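S.K.: My file is structure.csv. It has CSV, N, CA and C atoms:
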```csv
chain,number,residue,atom,x,y,z
P,639,MET,N,127.9,-57.0,-50.6
P,639,MET,CA,127.1,-58.1,-50.0
P,639,MET,C,126.8,-57.8,-48.6
P,640,THR,N,127.8,-57.2,-47.9
P,640,THR,CA,127.6,-56.8,-46.5
P,640,THR,C,126.4,-55.8,-46.3
P,641,GLU,N,126.3,-54.9,-47.2
P,641,GLU,CA,125.3,-53.9,-47.1
P,641,GLU,C,123.9,-54.5,-47.3
P,642,ILE,N,123.8,-55.5,-48.1
P,642,ILE,CA,122.5,-56.1,-48.3
P,642,ILE,C,122.1,-56.9,-47.0
P,643,SER,N,123.1,-57.6,-46.4
P,643,SER,CA,122.8,-58.4,-45.2
P,643,SER,C,122.4,-57.5,-44.1
P,644,LEU,N,123.0,-56.3,-44.0
P,644,LEU,CA,122.6,-55.3,-43.0
P,644,LEU,C,121.2,-54.8,-43.2
P,645,ASP,N,120.8,-54.6,-44.4
P,645,ASP,CA,119.4,-54.2,-44.8
P,645,ASP,C,118.4,-55.3,-44.4
P,646,ILE,N,118.8,-56.6,-44.7
P,646,ILE,CA,117.9,-57.7,-44.3
P,646,ILE,C,117.8,-57.8,-42.8
P,647,GLN,N,118.9,-57.6,-42.1
P,647,GLN,CA,118.9,-57.6,-40.6
P,647,GLN,C,117.9,-56.5,-40.1
P,648,SER,N,118.0,-55.3,-40.7
P,648,SER,CA,117.1,-54.2,-40.3
P,648,SER,C,115.7,-54.5,-40.5
P,649,VAL,N,115.4,-55.1,-41.7
P,649,VAL,CA,114.1,-55.5,-42.0
P,649,VAL,C,113.5,-56.6,-41.0
P,650,LEU,N,114.3,-57.5,-40.7
P,650,LEU,CA,113.9,-58.6,-39.8
P,650,LEU,C,113.6,-58.0,-38.4
P,651,GLN,N,114.5,-57.1,-37.9
P,651,GLN,CA,114.2,-56.4,-36.7
P,651,GLN,C,112.9,-55.6,-36.7
P,652,ARG,N,112.7,-54.9,-37.8
P,652,ARG,CA,111.5,-54.1,-37.9
P,652,ARG,C,110.2,-55.1,-37.9
P,653,ILE,N,110.3,-56.2,-38.6
P,653,ILE,CA,109.2,-57.2,-38.6
P,653,ILE,C,109.0,-57.7,-37.2
P,654,ASP,N,110.0,-58.0,-36.5
P,654,ASP,CA,109.8,-58.4,-35.1
P,654,ASP,C,109.1,-57.3,-34.2
P,655,ALA,N,109.5,-56.1,-34.4
P,655,ALA,CA,108.9,-55.0,-33.7
P,655,ALA,C,107.4,-54.8,-34.1
P,656,LEU,N,107.1,-55.0,-35.3
P,656,LEU,CA,105.8,-54.9,-35.8
P,656,LEU,C,104.9,-56.0,-35.3
P,657,GLU,N,105.5,-57.2,-35.2
P,657,GLU,CA,104.7,-58.4,-34.7
P,657,GLU,C,104.4,-58.1,-33.2
P,658,ARG,N,105.3,-57.6,-32.5
P,658,ARG,CA,105.1,-57.3,-31.0
P,658,ARG,C,104.0,-56.3,-30.9
P,659,GLU,N,104.0,-55.2,-31.7
P,659,GLU,CA,103.0,-54.2,-31.7
P,659,GLU,C,101.7,-54.7,-32.1
P,660,LEU,N,101.6,-55.6,-33.1
P,660,LEU,CA,100.4,-56.2,-33.5
P,660,LEU,C,99.8,-57.1,-32.4
P,661,LYS,N,100.6,-57.8,-31.7
P,661,LYS,CA,100.2,-58.6,-30.6
P,661,LYS,C,99.5,-57.7,-29.5
P,662,GLN,N,100.2,-56.6,-29.2
P,662,GLN,CA,99.6,-55.7,-28.2
P,662,GLN,C,98.3,-55.1,-28.7
P,663,LEU,N,98.2,-54.8,-29.9
P,663,LEU,CA,96.9,-54.2,-30.5
P,663,LEU,C,95.8,-55.3,-30.4
P,664,ARG,N,96.1,-56.5,-30.7
P,664,ARG,CA,95.1,-57.6,-30.7
P,664,ARG,C,94.6,-57.8,-29.2
P,665,GLN,N,95.6,-57.7,-28.3
P,665,GLN,CA,95.2,-57.9,-26.9
P,665,GLN,C,94.3,-56.7,-26.4
P,666,ALA,N,94.6,-55.5,-26.9
P,666,ALA,CA,93.8,-54.4,-26.5
P,666,ALA,C,92.4,-54.5,-27.1
P,667,LEU,N,92.3,-55.0,-28.3
P,667,LEU,CA,91.0,-55.1,-28.9
P,667,LEU,C,90.2,-56.2,-28.2
P,668,LEU,N,90.8,-57.2,-27.7
P,668,LEU,CA,90.1,-58.3,-27.1
P,668,LEU,C,90.0,-58.1,-25.6
P,669,LEU,N,90.4,-57.0,-25.1
P,669,LEU,CA,90.4,-56.7,-23.7
P,669,LEU,C,89.1,-57.0,-23.0
P,670,PRO,N,88.0,-56.6,-23.5
P,670,PRO,CA,86.7,-56.9,-22.8
P,670,PRO,C,86.5,-58.4,-22.6
P,671,ALA,N,86.8,-59.2,-23.6
P,671,ALA,CA,86.6,-60.6,-23.6
P,671,ALA,C,87.6,-61.3,-22.6
P,672,ASN,N,88.8,-60.8,-22.6
P,672,ASN,CA,89.8,-61.4,-21.7
P,672,ASN,C,90.1,-60.6,-20.5
P,673,ASN,N,89.3,-59.6,-20.2
P,673,ASN,CA,89.5,-58.7,-19.1
P,673,ASN,C,89.2,-59.4,-17.8
P,674,PRO,N,90.2,-59.6,-16.9
P,674,PRO,CA,89.9,-60.3,-15.7
P,674,PRO,C,88.9,-59.5,-14.8
P,675,ALA,N,88.8,-58.2,-15.1
P,675,ALA,CA,87.8,-57.4,-14.3
P,675,ALA,C,86.4,-57.6,-14.8
P,676,ALA,N,86.2,-58.1,-16.0
P,676,ALA,CA,84.9,-58.3,-16.6
P,676,ALA,C,84.2,-59.4,-15.7
P,677,GLN,N,83.0,-59.1,-15.4
P,677,GLN,CA,82.2,-60.1,-14.6
P,677,GLN,C,81.1,-60.6,-15.4
P,678,PRO,N,81.2,-61.9,-15.7
P,678,PRO,CA,80.1,-62.5,-16.5
P,678,PRO,C,78.8,-62.6,-15.7
P,679,THR,N,77.7,-62.7,-16.4
P,679,THR,CA,76.4,-62.8,-15.8
P,679,THR,C,75.8,-64.1,-16.2
P,680,ASP,N,74.6,-64.3,-15.8
P,680,ASP,CA,73.9,-65.6,-16.1
P,680,ASP,C,73.3,-65.5,-17.5
P,681,HIS,N,73.7,-64.5,-18.3
P,681,HIS,CA,73.3,-64.4,-19.7
P,681,HIS,C,74.5,-64.3,-20.6
P,682,PRO,N,74.6,-65.1,-21.7
P,682,PRO,CA,75.8,-65.2,-22.4
P,682,PRO,C,76.3,-64.0,-23.1
P,683,TYR,N,75.5,-63.0,-23.4
P,683,TYR,CA,75.9,-61.8,-24.1
P,683,TYR,C,76.0,-60.6,-23.2
P,684,ILE,N,75.8,-60.8,-21.9
P,684,ILE,CA,75.8,-59.6,-21.0
P,684,ILE,C,76.9,-59.8,-20.0
P,685,GLU,N,77.6,-58.7,-19.7
P,685,GLU,CA,78.7,-58.7,-18.7
P,685,GLU,C,78.7,-57.4,-18.0
P,686,ARG,N,79.5,-57.3,-16.9
P,686,ARG,CA,79.7,-56.1,-16.2
P,686,ARG,C,81.2,-55.9,-16.2
P,687,VAL,N,81.6,-54.7,-16.5
P,687,VAL,CA,83.0,-54.3,-16.5
P,687,VAL,C,83.1,-53.0,-15.6
P,688,PRO,N,83.7,-53.1,-14.4
P,688,PRO,CA,83.7,-52.0,-13.5
P,688,PRO,C,84.1,-50.7,-14.1
P,689,LYS,N,85.0,-50.7,-15.1
P,689,LYS,CA,85.5,-49.4,-15.7
P,689,LYS,C,84.6,-48.9,-16.8
P,690,ILE,N,83.6,-49.7,-17.2
P,690,ILE,CA,82.6,-49.2,-18.2
P,690,ILE,C,81.3,-49.0,-17.5
P,691,LEU,N,80.9,-47.8,-17.6
P,691,LEU,CA,79.6,-47.4,-17.0
P,691,LEU,C,79.4,-47.8,-15.5
P,692,SER,N,80.6,-47.8,-14.8
P,692,SER,CA,80.6,-48.1,-13.4
P,692,SER,C,80.0,-49.5,-13.1
P,693,GLY,N,80.2,-50.4,-14.0
P,693,GLY,CA,79.7,-51.8,-13.8
P,693,GLY,C,78.3,-52.1,-14.2
P,694,GLU,N,77.6,-51.1,-14.8
P,694,GLU,CA,76.3,-51.3,-15.3
P,694,GLU,C,76.3,-52.5,-16.3
P,695,PRO,N,75.3,-53.3,-16.3
P,695,PRO,CA,75.3,-54.4,-17.3
P,695,PRO,C,75.3,-53.9,-18.8
P,696,ILE,N,76.2,-54.5,-19.5
P,696,ILE,CA,76.4,-54.1,-20.9
P,696,ILE,C,76.4,-55.3,-21.8
P,697,ILE,N,76.2,-55.0,-23.1
P,697,ILE,CA,76.3,-56.1,-24.1
P,697,ILE,C,77.8,-56.4,-24.2
P,698,LYS,N,78.2,-57.7,-24.1
P,698,LYS,CA,79.6,-58.1,-24.1
P,698,LYS,C,80.3,-57.6,-25.2
P,699,ASN,N,81.5,-57.1,-25.0
P,699,ASN,CA,82.5,-56.6,-26.0
P,699,ASN,C,82.0,-55.3,-26.6
P,700,THR,N,81.1,-54.6,-25.9
P,700,THR,CA,80.6,-53.3,-26.4
P,700,THR,C,80.6,-52.4,-25.2
P,701,ARG,N,80.2,-51.1,-25.4
P,701,ARG,CA,79.9,-50.2,-24.3
P,701,ARG,C,78.4,-49.9,-24.2
P,702,THR,N,77.6,-50.7,-24.9
P,702,THR,CA,76.1,-50.5,-25.0
P,702,THR,C,75.5,-51.1,-23.7
P,703,PRO,N,74.8,-50.3,-22.9
P,703,PRO,CA,74.2,-50.8,-21.7
P,703,PRO,C,72.9,-51.5,-22.1
P,704,VAL,N,72.5,-52.5,-21.3
P,704,VAL,CA,71.2,-53.2,-21.4
P,704,VAL,C,70.1,-52.2,-21.4
P,705,ARG,N,70.2,-51.2,-20.6
P,705,ARG,CA,69.1,-50.2,-20.5
P,705,ARG,C,68.8,-49.5,-21.8
P,706,ALA,N,69.9,-49.3,-22.7
P,706,ALA,CA,69.7,-48.7,-24.0
P,706,ALA,C,68.8,-49.6,-24.9
P,707,ILE,N,69.0,-50.9,-24.8
P,707,ILE,CA,68.2,-51.8,-25.6
P,707,ILE,C,66.7,-51.8,-25.1
P,708,VAL,N,66.6,-51.8,-23.8
P,708,VAL,CA,65.3,-51.8,-23.1
P,708,VAL,C,64.5,-50.5,-23.5
P,709,GLU,N,65.2,-49.4,-23.4
P,709,GLU,CA,64.6,-48.1,-23.8
P,709,GLU,C,64.1,-48.1,-25.2
P,710,HIS,N,64.9,-48.6,-26.1
P,710,HIS,CA,64.5,-48.7,-27.5
P,710,HIS,C,63.2,-49.5,-27.6
P,711,TYR,N,63.2,-50.6,-26.9
P,711,TYR,CA,62.1,-51.5,-27.0
P,711,TYR,C,60.8,-51.0,-26.3
P,712,LEU,N,61.0,-50.6,-25.1
P,712,LEU,CA,59.8,-50.2,-24.3
P,712,LEU,C,59.4,-48.8,-24.5
P,713,ILE,N,60.3,-47.9,-24.5
P,713,ILE,CA,60.0,-46.4,-24.5
P,713,ILE,C,59.7,-46.0,-26.0
P,714,LEU,N,60.7,-46.4,-26.9
P,714,LEU,CA,60.5,-45.9,-28.3
P,714,LEU,C,59.7,-46.8,-29.1
P,715,GLY,N,59.4,-48.0,-28.6
P,715,GLY,CA,58.5,-49.0,-29.3
P,715,GLY,C,59.2,-49.7,-30.5
P,716,ASP,N,60.5,-49.7,-30.5
P,716,ASP,CA,61.2,-50.4,-31.6
P,716,ASP,C,61.2,-51.9,-31.4
P,717,THR,N,61.1,-52.6,-32.5
P,717,THR,CA,61.1,-54.0,-32.5
P,717,THR,C,62.6,-54.4,-32.5
P,718,PRO,N,62.9,-55.7,-32.1
P,718,PRO,CA,64.3,-56.1,-32.1
P,718,PRO,C,65.0,-55.9,-33.5
P,719,ASP,N,64.3,-56.2,-34.6
P,719,ASP,CA,64.8,-55.9,-35.9
P,719,ASP,C,65.2,-54.5,-36.1
P,720,GLU,N,64.3,-53.6,-35.6
P,720,GLU,CA,64.6,-52.1,-35.8
P,720,GLU,C,65.8,-51.7,-34.9
P,721,ILE,N,65.9,-52.3,-33.8
P,721,ILE,CA,67.0,-52.0,-32.9
P,721,ILE,C,68.3,-52.4,-33.6
P,722,ALA,N,68.3,-53.6,-34.2
P,722,ALA,CA,69.4,-54.1,-34.9
P,722,ALA,C,69.8,-53.2,-36.1
P,723,SER,N,68.8,-52.7,-36.8
P,723,SER,CA,69.2,-51.8,-37.9
P,723,SER,C,69.7,-50.4,-37.4
P,724,GLN,N,69.3,-50.0,-36.2
P,724,GLN,CA,69.8,-48.7,-35.7
P,724,GLN,C,71.1,-48.9,-34.9
P,725,LEU,N,71.4,-50.1,-34.5
P,725,LEU,CA,72.6,-50.4,-33.8
P,725,LEU,C,73.3,-51.6,-34.5
P,726,PRO,N,73.8,-51.4,-35.8
P,726,PRO,CA,74.2,-52.5,-36.6
P,726,PRO,C,75.3,-53.3,-36.1
P,727,TYR,N,76.0,-52.9,-35.1
P,727,TYR,CA,77.1,-53.7,-34.6
P,727,TYR,C,76.6,-54.7,-33.6
P,728,LEU,N,75.3,-54.7,-33.3
P,728,LEU,CA,74.7,-55.7,-32.5
P,728,LEU,C,74.0,-56.8,-33.3
P,729,ARG,N,74.0,-58.0,-32.9
P,729,ARG,CA,73.3,-59.1,-33.5
P,729,ARG,C,72.0,-59.3,-32.8
P,730,LEU,N,71.0,-59.9,-33.5
P,730,LEU,CA,69.7,-60.1,-32.8
P,730,LEU,C,69.8,-60.9,-31.5
P,731,ALA,N,70.7,-61.9,-31.5
P,731,ALA,CA,70.9,-62.7,-30.3
P,731,ALA,C,71.3,-61.8,-29.1
P,732,GLN,N,72.1,-60.8,-29.4
P,732,GLN,CA,72.5,-59.9,-28.3
P,732,GLN,C,71.4,-59.1,-27.8
P,733,ILE,N,70.6,-58.6,-28.7
P,733,ILE,CA,69.4,-57.8,-28.4
P,733,ILE,C,68.4,-58.6,-27.6
P,734,PHE,N,68.1,-59.8,-28.1
P,734,PHE,CA,67.1,-60.7,-27.3
P,734,PHE,C,67.7,-61.0,-26.0
P,735,ASP,N,69.0,-61.3,-25.9
P,735,ASP,CA,69.6,-61.6,-24.6
P,735,ASP,C,69.5,-60.4,-23.6
P,736,ALA,N,69.6,-59.2,-24.1
P,736,ALA,CA,69.5,-58.0,-23.3
P,736,ALA,C,68.1,-57.9,-22.8
P,737,LEU,N,67.1,-58.1,-23.7
P,737,LEU,CA,65.7,-58.1,-23.2
P,737,LEU,C,65.4,-59.2,-22.2
P,738,SER,N,66.0,-60.3,-22.4
P,738,SER,CA,65.8,-61.4,-21.5
P,738,SER,C,66.5,-61.1,-20.1
P,739,TYR,N,67.6,-60.4,-20.2
P,739,TYR,CA,68.3,-60.0,-18.9
P,739,TYR,C,67.4,-59.0,-18.2
P,740,TYR,N,66.7,-58.1,-19.0
P,740,TYR,CA,65.8,-57.2,-18.3
P,740,TYR,C,64.7,-57.9,-17.6
P,741,GLU,N,64.1,-58.9,-18.3
P,741,GLU,CA,63.0,-59.7,-17.6
P,741,GLU,C,63.5,-60.3,-16.3
P,742,ASP,N,64.7,-60.8,-16.3
P,742,ASP,CA,65.3,-61.4,-15.1
P,742,ASP,C,65.8,-60.4,-14.0
P,743,HIS,N,66.0,-59.2,-14.4
P,743,HIS,CA,66.6,-58.2,-13.5
P,743,HIS,C,65.9,-56.8,-13.7
P,744,ARG,N,64.6,-56.9,-13.8
P,744,ARG,CA,63.8,-55.7,-14.1
P,744,ARG,C,64.0,-54.5,-13.1
P,745,GLU,N,64.0,-54.8,-11.9
P,745,GLU,CA,64.2,-53.7,-10.9
P,745,GLU,C,65.5,-53.0,-11.0
P,746,GLU,N,66.6,-53.8,-11.2
P,746,GLU,CA,67.9,-53.2,-11.4
P,746,GLU,C,68.0,-52.3,-12.7
P,747,ILE,N,67.5,-52.8,-13.8
P,747,ILE,CA,67.5,-52.0,-15.1
P,747,ILE,C,66.6,-50.8,-15.0
P,748,ASP,N,65.5,-51.0,-14.4
P,748,ASP,CA,64.6,-49.8,-14.2
P,748,ASP,C,65.2,-48.7,-13.4
P,749,LYS,N,66.0,-49.1,-12.4
P,749,LYS,CA,66.8,-48.1,-11.6
P,749,LYS,C,67.8,-47.4,-12.5
P,750,TYR,N,68.5,-48.1,-13.4
P,750,TYR,CA,69.5,-47.5,-14.3
P,750,TYR,C,68.8,-46.6,-15.3
P,751,ILE,N,67.6,-47.0,-15.8
P,751,ILE,CA,66.8,-46.1,-16.7
P,751,ILE,C,66.5,-44.8,-16.0
P,752,GLU,N,66.0,-44.9,-14.8
P,752,GLU,CA,65.5,-43.8,-14.0
P,752,GLU,C,66.7,-42.8,-13.7
P,753,MET,N,67.9,-43.4,-13.3
P,753,MET,CA,69.1,-42.7,-13.0
P,753,MET,C,69.6,-41.9,-14.2
P,754,ASN,N,69.4,-42.4,-15.4
P,754,ASN,CA,69.9,-41.8,-16.6
P,754,ASN,C,68.8,-41.0,-17.4
P,755,ARG,N,67.7,-40.9,-16.8
P,755,ARG,CA,66.6,-40.1,-17.5
P,755,ARG,C,67.0,-38.6,-17.6
P,756,VAL,N,66.8,-38.1,-18.7
P,756,VAL,CA,67.1,-36.6,-18.9
P,756,VAL,C,65.8,-35.9,-18.6
P,757,PRO,N,65.9,-34.9,-17.6
P,757,PRO,CA,64.6,-34.2,-17.2
P,757,PRO,C,64.2,-33.3,-18.4
P,758,VAL,N,62.9,-33.3,-18.5
P,758,VAL,CA,62.3,-32.4,-19.6
P,758,VAL,C,61.6,-31.2,-18.9
P,759,ASN,N,62.0,-30.1,-19.4
P,759,ASN,CA,61.4,-28.8,-18.9
P,759,ASN,C,60.1,-28.5,-19.6
P,760,ASP,N,59.1,-28.4,-18.8
P,760,ASP,CA,57.8,-28.1,-19.4
P,760,ASP,C,57.5,-26.6,-19.4
```
Please re-express this file's structure in structure tokens.
M.R.:
Amino acid sequence: MTEISLDIQSVLQRIDALERELKQLRQALLLPANNPAAQPTDHPYIERVPKILSGEPIIKNTRTPVRAIVEHYLILGDTPDEIASQLPYLRLAQIFDALSYYEDHREEIDKYIEMNRVPVND
């Protein structure tokens, strides 16, 4: 009987350790949403996180910059639905909010687009 109770005790300790590890993993996954370094913007789906793309505006809880959505829309001519099918982890609301953010901060986003343009050798 003692051997069984020791096994149960070991199992309970292991469960406690796994619960602590699961809590840490959940916190790591939710880090962008709960990150005190994340800086909200005047748009619900857009934020700045200093450690992600040096604080360039991104879609909240992703690493996708607003400029990427704008480039799909303006340069590649993709519709919001096409962008959503090419970036399936984004919802249409996020895509429209990125385009709205661009309208409100056009000069800033144009600067990021220019800074990240890949030169073409002719």
S.K.: Would you mind writing down, as a ChimeraX atom specification, each residue of chain P that DSSP on the backbone assigns to alpha helix (DSSP H)?
M.R.: /P:640-667,669-672,704-708,718-724,730-742,744-753
S.K.: I'd like the contact shell of segment 698-714 of chain P - 5 Å cut-off, all atoms listed in the file, skipping same-chain residues fewer than 6 positions apart - returned as a list in words.
M.R.: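 These residues fall inside the cut-off: Tyr683, Ile684 and Glu685 of chain P.
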S.K.: Scan for residues within 5 Å of the point (70.9, -57.8, -19.9) in the coordinates of the file, using all atoms listed in the file, and reply as a ChimeraX atom specification.
M.R.: /P:704,735-736,739-740
S.K.: Output as a list of chain:residue names all residues of chain P that backbone DSSP marks as strand (DSSP E or B).
M.R.: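 Everything in chain P that counts as strand (DSSP E or B) is P:Gln677, P:Pro678, P:Ile684, P:Glu685, P:Arg686, P:Ile696, P:Ile697, P:Pro703.
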S.K.: Measuring between only C-alpha atoms, which one of P:Ile696, P:Arg755, P:Gln651, P:Ala676 shows the shortest distance to Leu728 of chain P?
M.R.: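 When distances to Leu728 of chain P are compared using only C-alpha atoms, the smallest one comes from P:Ile696.
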S.K.: Distance atom CA of Ile751 of chain P-atom CA of Pro695 of chain P, one decimal place?
M.R.: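 Straight-line distance from atom CA of Ile751 of chain P to atom CA of Pro695 of chain P works out to 11.9 Å.
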S.K.: Within 7 Å of Pro718 of chain P, counting only N, CA and C atoms, which residues show up once you throw out same-chain ones fewer than 3 positions away? Write them as a PyMOL selection string, please.
M.R.: chain P and resi 711+721-723+730+733-734
S.K.: For N, CA and C atoms, I'd like the residues from the last selection saved as a PDB file, keeping the file's coordinate frame.
M.R.:
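Saved as selection.pdb:
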```
ATOM      1  N   TYR P 711      63.200 -50.600 -26.900  1.00  0.00           N
ATOM      2  CA  TYR P 711      62.100 -51.500 -27.000  1.00  0.00           C
ATOM      3  C   TYR P 711      60.800 -51.000 -26.300  1.00  0.00           C
ATOM      4  N   ILE P 721      65.900 -52.300 -33.800  1.00  0.00           N
ATOM      5  CA  ILE P 721      67.000 -52.000 -32.900  1.00  0.00           C
ATOM      6  C   ILE P 721      68.300 -52.400 -33.600  1.00  0.00           C
ATOM      7  N   ALA P 722      68.300 -53.600 -34.200  1.00  0.00           N
ATOM      8  CA  ALA P 722      69.400 -54.100 -34.900  1.00  0.00           C
ATOM      9  C   ALA P 722      69.800 -53.200 -36.100  1.00  0.00           C
ATOM     10  N   SER P 723      68.800 -52.700 -36.800  1.00  0.00           N
ATOM     11  CA  SER P 723      69.200 -51.800 -37.900  1.00  0.00           C
ATOM     12  C   SER P 723      69.700 -50.400 -37.400  1.00  0.00           C
ATOM     13  N   LEU P 730      71.000 -59.900 -33.500  1.00  0.00           N
ATOM     14  CA  LEU P 730      69.700 -60.100 -32.800  1.00  0.00           C
ATOM     15  C   LEU P 730      69.800 -60.900 -31.500  1.00  0.00           C
ATOM     16  N   ILE P 733      70.600 -58.600 -28.700  1.00  0.00           N
ATOM     17  CA  ILE P 733      69.400 -57.800 -28.400  1.00  0.00           C
ATOM     18  C   ILE P 733      68.400 -58.600 -27.600  1.00  0.00           C
ATOM     19  N   PHE P 734      68.100 -59.800 -28.100  1.00  0.00           N
ATOM     20  CA  PHE P 734      67.100 -60.700 -27.300  1.00  0.00           C
ATOM     21  C   PHE P 734      67.700 -61.000 -26.000  1.00  0.00           C
TER      22      PHE P 734
END
```
S.K.: Could you extract segment 696-749 of chain P of the given structure into a file holding C-alpha atoms, as a compact mmCIF listing (two decimals), in the first residue's frame?
M.R.:
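So the final result, stored in part.txt, reads:
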```txt
# COMPACT_ATOMS: atom_id res chain seq x y z
CA ILE P 696 1.95 45.78 -36.57
CA ILE P 697 -1.29 43.83 -36.51
CA LYS P 698 -1.94 43.10 -32.83
CA ASN P 699 -0.69 39.68 -31.64
CA THR P 700 1.24 39.08 -34.87
CA ARG P 701 4.52 40.18 -36.40
CA THR P 702 2.77 41.42 -39.55
CA PRO P 703 3.50 45.09 -40.20
CA VAL P 704 0.80 47.44 -41.42
CA ARG P 705 3.06 48.20 -44.40
CA ALA P 706 2.76 44.57 -45.57
CA ILE P 707 -1.03 44.90 -45.80
CA VAL P 708 -0.70 48.26 -47.57
CA GLU P 709 1.80 46.80 -50.06
CA HIS P 710 -0.56 43.93 -50.84
CA TYR P 711 -3.37 46.41 -51.39
CA LEU P 712 -1.66 49.28 -53.21
CA ILE P 713 1.35 47.74 -54.93
CA LEU P 714 0.13 44.21 -55.69
CA GLY P 715 -3.49 45.28 -56.19
CA ASP P 716 -4.92 42.60 -53.89
CA THR P 717 -8.41 43.06 -52.46
CA PRO P 718 -8.91 42.66 -48.71
CA ASP P 719 -10.45 39.22 -49.38
CA GLU P 720 -7.39 38.19 -51.39
CA ILE P 721 -5.10 39.43 -48.64
CA ALA P 722 -7.08 37.36 -46.12
CA SER P 723 -6.71 34.25 -48.27
CA GLN P 724 -2.95 34.83 -48.62
CA LEU P 725 -2.53 35.61 -44.91
CA PRO P 726 -5.13 33.24 -43.42
CA TYR P 727 -4.17 34.01 -39.82
CA LEU P 728 -5.61 37.52 -40.29
CA ARG P 729 -9.28 38.41 -40.16
CA LEU P 730 -10.87 40.93 -42.50
CA ALA P 731 -11.40 43.32 -39.59
CA GLN P 732 -7.64 43.36 -38.97
CA ILE P 733 -6.93 43.97 -42.65
CA PHE P 734 -9.43 46.82 -42.90
CA ASP P 735 -8.07 48.34 -39.69
CA ALA P 736 -4.53 48.21 -41.12
CA LEU P 737 -5.74 50.03 -44.23
CA SER P 738 -7.57 52.54 -42.06
CA TYR P 739 -4.42 53.05 -40.00
CA TYR P 740 -2.58 53.75 -43.25
CA GLU P 741 -5.13 56.40 -44.19
CA ASP P 742 -4.61 58.07 -40.82
CA HIS P 743 -0.80 57.71 -40.83
CA ARG P 744 0.06 57.70 -44.52
CA GLU P 745 3.37 59.58 -44.25
CA GLU P 746 4.70 57.24 -41.54
CA ILE P 747 3.74 54.01 -43.35
CA ASP P 748 5.04 55.31 -46.70
CA LYS P 749 8.36 55.91 -44.95
```
